[in-house]
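Reviewing the structure listed below.
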Amino acid sequence: MSVRGSVAPAAVAIALLAGCTPAAGDAGAATPVFVPASPSKSAAAAPEPRPEKITYPAQGAEAFTAAEGEPAGERQGTLLRYRVLVEKDIKGISAGTFADAVRTTLADPRGWTAGGDLSFRRVGRGRPHDFTVYLVTPGTRDVLCQDAGDGYTSCRNGDKVVLNVARWANGVPGYRAGLRVYRQYLVNHEVGHRLGHGHELCPGKGRPAPVMQQQTLGMHGCTPNSWPYRDGERYAGASGAYEDEVPPREGASKP
Ligand SMILES: [Zn+2]
């Protein structure tokens, strides 16, 4: 993987290709904040639970199971209510299990709430909500994302945070931190778009990748990082995107 880090002049087109359309108000995410790099042995050494065997067709029927809501808890700043919907054609992971993983990531002290101005609460079926986190088949990903339709990446489209089950189940080749970290990255990256953050660049070889870097497509010399806050400080890179090629769609899960 190249570490030269050339910035795509047509970043918007690339973002569309990557299925990670930045929010309209990306300017709000433009202030780079750099934290000194530190060795990240913990990420590489994190125990890797053998994940469920998740199976799915290439294209689901766009019918969903909703996770139940959670009780109102402590609240700070702006409350964002979200639903969790899992496409029914996906087998091997329940809506509740997926919702637990999303909640754990969103509630983490290194997550988006660390700034103290934001709270998340999952709501159940039929409740008012600010956004929806989907786990969907590659084909339904294309329907919901309404972009170039690569069947490979995940995306955020308006109030839809769309996670591609092919990535949730398999991660990406060469991601050096394992599936647990990649899934945290996936949730935080796409929810980050919903919060108004655009794509960011690797700050330098050997540094942790900003969570808004498109780590699905290339690390560009950075190390895996799934969190928007590190050591209590907001960790971000300069705005921009790379001209990474999107791998081909994979279709249904392998038997
Ligand atoms: Zn993105």
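The chains in the structure tokens are called A, B, ... from first to last as shown; in each chain the residues are counted from 1, and the ligands are counted from 1 in the order shown.
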task: DSSP on the backbone, then: every residue of region 129-186 of chain A marked strand (DSSP E), written as a PyMOL selection string.
output: chain A and resi 131-136+155-157+160-164
query: Counting only C-alpha atoms, what is within 6 Å of Ala67 (chain A), bar same-chain residues fewer than 6 positions away, as a ChimeraX atom specification?
result: /A:84,95-96
task: Write out as a PyMOL selection string the residues lying within 10 Å of Tyr175 (chain A), counting only C-alpha atoms and excluding same-chain residues fewer than 4 positions away.
output: chain A and resi 171+179+181-182+215-219+223-224
task: Name all residues at most 8 Å from Gly192 (chain A) (count only C-alpha atoms; drop same-chain ones fewer than 4 positions away) and give them as number ranges by chain.
output: A: 112, 188, 196-198, 212
message: One number please: CA of Thr97 (chain A) to CA of Lys53 (chain A), in Å, one decimal.
response: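 Taking CA of Thr97 (chain A) as the start and CA of Lys53 (chain A) as the end point, the length is 12.9 Å.
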message: I'd like to know which residues of region 5-240 of chain A are alpha helix (DSSP H) (by DSSP, run on the backbone); could you write them as a ChimeraX atom specification?
response: /A:11-17,41-45,95-107,138-145,165-170,178-194
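For the set A:Val143, A:Leu106, A:Ile93, A:Ala114, the residue with the smallest atom-to-atom gap to Gly77 (chain A) is A:Ala114, counting only C-alpha atoms.
Of the listed residues (A:Ala241, A:Leu79, A:Val246, A:Ala66), A:Ala241 comes nearest to ligand 1; the distances count only C-alpha atoms and all ligand atoms.
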task: Find the residues near region 124-132 of chain A: any atom within 6 Å, counting only C-alpha atoms, skip ones fewer than 3 places away on the same chain, and give them as a PyMOL selection string.
output: chain A and resi 66+68-69+80-84+159-161
query: When distances are computed from only C-alpha atoms and all ligand atoms, which of A:Gly251, A:Ser154, A:Ala236, A:Leu201 shows the smallest separation from ligand 1?
result: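 Residue with the minimum atom-to-atom distance to ligand 1: A:Ser154.
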message: List as a VMD selection string the protein and nucleic acid residues near His189 (chain A), meaning an atom at most 9 Å away when only C-alpha atoms are counted, but skip any in the same chain fewer than 6 places from it.
response: chain A and resid 197 211 to 214 226 to 228
- request: Identify, on the basis of only C-alpha atoms, every residue whose closest approach to Phe98 (chain A) does not exceed 12 Å; exclude the query and any residue fewer than 5 positions from it along the same chain; express the result as a VMD selection string.
  value: chain A and resid 51 to 52 54 65 to 68 83 to 87 90 to 93 103 to 105 133 to 136 163 165 168 to 169 183 to 184 187
With N, CA and C atoms retained, write the just-selected residues as a PDB file, in the first residue's frame.
ATOM      1  N   PRO A  51     -16.056 -15.183  15.863  1.00  0.00           N
ATOM      2  CA  PRO A  51     -17.387 -14.646  15.610  1.00  0.00           C
ATOM      3  C   PRO A  51     -18.367 -15.724  15.183  1.00  0.00           C
ATOM      4  N   GLU A  52     -19.614 -15.381  15.355  1.00  0.00           N
ATOM      5  CA  GLU A  52     -20.706 -16.218  14.882  1.00  0.00           C
ATOM      6  C   GLU A  52     -20.487 -16.532  13.398  1.00  0.00           C
ATOM      7  N   ILE A  54     -21.896 -16.071  10.235  1.00  0.00           N
ATOM      8  CA  ILE A  54     -22.941 -15.240   9.640  1.00  0.00           C
ATOM      9  C   ILE A  54     -23.077 -15.608   8.166  1.00  0.00           C
ATOM     10  N   THR A  65     -35.698  -6.919  10.861  1.00  0.00           N
ATOM     11  CA  THR A  65     -36.061  -7.133  12.256  1.00  0.00           C
ATOM     12  C   THR A  65     -35.506  -5.969  13.067  1.00  0.00           C
ATOM     13  N   ALA A  66     -36.364  -5.368  13.907  1.00  0.00           N
ATOM     14  CA  ALA A  66     -35.930  -4.243  14.732  1.00  0.00           C
ATOM     15  C   ALA A  66     -35.459  -4.741  16.092  1.00  0.00           C
ATOM     16  N   ALA A  67     -34.364  -4.213  16.563  1.00  0.00           N
ATOM     17  CA  ALA A  67     -33.927  -4.492  17.934  1.00  0.00           C
ATOM     18  C   ALA A  67     -34.822  -3.718  18.904  1.00  0.00           C
ATOM     19  N   GLU A  68     -34.954  -4.251  20.085  1.00  0.00           N
ATOM     20  CA  GLU A  68     -35.752  -3.555  21.099  1.00  0.00           C
ATOM     21  C   GLU A  68     -35.039  -2.286  21.564  1.00  0.00           C
ATOM     22  N   ARG A  83     -32.615   3.739  15.792  1.00  0.00           N
ATOM     23  CA  ARG A  83     -33.163   2.380  15.674  1.00  0.00           C
ATOM     24  C   ARG A  83     -32.053   1.467  15.155  1.00  0.00           C
ATOM     25  N   VAL A  84     -32.175   0.187  15.424  1.00  0.00           N
ATOM     26  CA  VAL A  84     -31.289  -0.816  14.827  1.00  0.00           C
ATOM     27  C   VAL A  84     -32.158  -1.805  14.063  1.00  0.00           C
ATOM     28  N   LEU A  85     -31.885  -1.940  12.777  1.00  0.00           N
ATOM     29  CA  LEU A  85     -32.624  -2.872  11.928  1.00  0.00           C
ATOM     30  C   LEU A  85     -31.654  -3.838  11.250  1.00  0.00           C
ATOM     31  N   VAL A  86     -31.968  -5.130  11.332  1.00  0.00           N
ATOM     32  CA  VAL A  86     -31.151  -6.158  10.690  1.00  0.00           C
ATOM     33  C   VAL A  86     -32.000  -6.851   9.626  1.00  0.00           C
ATOM     34  N   GLU A  87     -31.454  -6.968   8.442  1.00  0.00           N
ATOM     35  CA  GLU A  87     -32.211  -7.577   7.345  1.00  0.00           C
ATOM     36  C   GLU A  87     -32.468  -9.059   7.649  1.00  0.00           C
ATOM     37  N   ILE A  90     -30.330 -12.212   6.730  1.00  0.00           N
ATOM     38  CA  ILE A  90     -29.029 -12.448   7.364  1.00  0.00           C
ATOM     39  C   ILE A  90     -29.223 -13.441   8.508  1.00  0.00           C
ATOM     40  N   LYS A  91     -28.493 -14.534   8.460  1.00  0.00           N
ATOM     41  CA  LYS A  91     -28.602 -15.578   9.487  1.00  0.00           C
ATOM     42  C   LYS A  91     -27.309 -15.636  10.309  1.00  0.00           C
ATOM     43  N   GLY A  92     -27.472 -16.015  11.580  1.00  0.00           N
ATOM     44  CA  GLY A  92     -26.298 -16.202  12.424  1.00  0.00           C
ATOM     45  C   GLY A  92     -25.994 -15.026  13.336  1.00  0.00           C
ATOM     46  N   ILE A  93     -26.738 -13.938  13.189  1.00  0.00           N
ATOM     47  CA  ILE A  93     -26.601 -12.821  14.126  1.00  0.00           C
ATOM     48  C   ILE A  93     -27.985 -12.204  14.306  1.00  0.00           C
ATOM     49  N   ARG A 103     -24.301  -0.608  20.486  1.00  0.00           N
ATOM     50  CA  ARG A 103     -24.425   0.160  21.727  1.00  0.00           C
ATOM     51  C   ARG A 103     -23.101   0.227  22.478  1.00  0.00           C
ATOM     52  N   THR A 104     -22.411  -0.923  22.562  1.00  0.00           N
ATOM     53  CA  THR A 104     -21.137  -0.960  23.271  1.00  0.00           C
ATOM     54  C   THR A 104     -20.133   0.008  22.644  1.00  0.00           C
ATOM     55  N   THR A 105     -20.136   0.047  21.331  1.00  0.00           N
ATOM     56  CA  THR A 105     -19.210   0.960  20.650  1.00  0.00           C
ATOM     57  C   THR A 105     -19.605   2.417  20.880  1.00  0.00           C
ATOM     58  N   VAL A 133     -29.487   2.534  12.305  1.00  0.00           N
ATOM     59  CA  VAL A 133     -28.303   1.734  11.961  1.00  0.00           C
ATOM     60  C   VAL A 133     -28.800   0.411  11.376  1.00  0.00           C
ATOM     61  N   TYR A 134     -28.444   0.163  10.126  1.00  0.00           N
ATOM     62  CA  TYR A 134     -28.850  -1.050   9.417  1.00  0.00           C
ATOM     63  C   TYR A 134     -27.687  -2.031   9.321  1.00  0.00           C
ATOM     64  N   LEU A 135     -28.011  -3.321   9.393  1.00  0.00           N
ATOM     65  CA  LEU A 135     -27.078  -4.366   8.960  1.00  0.00           C
ATOM     66  C   LEU A 135     -27.776  -5.080   7.806  1.00  0.00           C
ATOM     67  N   VAL A 136     -27.180  -4.987   6.631  1.00  0.00           N
ATOM     68  CA  VAL A 136     -27.894  -5.423   5.421  1.00  0.00           C
ATOM     69  C   VAL A 136     -27.001  -6.225   4.479  1.00  0.00           C
ATOM     70  N   LEU A 163     -24.583  -0.519   7.356  1.00  0.00           N
ATOM     71  CA  LEU A 163     -23.403  -1.379   7.476  1.00  0.00           C
ATOM     72  C   LEU A 163     -23.625  -2.634   6.634  1.00  0.00           C
ATOM     73  N   VAL A 165     -23.201  -6.287   5.640  1.00  0.00           N
ATOM     74  CA  VAL A 165     -22.917  -7.506   6.407  1.00  0.00           C
ATOM     75  C   VAL A 165     -21.674  -8.233   5.890  1.00  0.00           C
ATOM     76  N   TRP A 168     -19.092  -6.648   7.945  1.00  0.00           N
ATOM     77  CA  TRP A 168     -19.277  -6.999   9.363  1.00  0.00           C
ATOM     78  C   TRP A 168     -18.804  -8.428   9.620  1.00  0.00           C
ATOM     79  N   ALA A 169     -19.091  -9.317   8.685  1.00  0.00           N
ATOM     80  CA  ALA A 169     -18.756 -10.727   8.868  1.00  0.00           C
ATOM     81  C   ALA A 169     -17.293 -11.013   8.559  1.00  0.00           C
ATOM     82  N   ARG A 183     -15.014  -3.786  13.367  1.00  0.00           N
ATOM     83  CA  ARG A 183     -16.445  -3.521  13.562  1.00  0.00           C
ATOM     84  C   ARG A 183     -16.664  -2.223  14.337  1.00  0.00           C
ATOM     85  N   GLN A 184     -15.824  -1.976  15.342  1.00  0.00           N
ATOM     86  CA  GLN A 184     -15.926  -0.699  16.073  1.00  0.00           C
ATOM     87  C   GLN A 184     -15.685   0.463  15.113  1.00  0.00           C
ATOM     88  N   VAL A 187     -18.793   1.084  12.841  1.00  0.00           N
ATOM     89  CA  VAL A 187     -19.872   1.807  13.530  1.00  0.00           C
ATOM     90  C   VAL A 187     -19.488   3.279  13.705  1.00  0.00           C
TER      91      VAL A 187
END
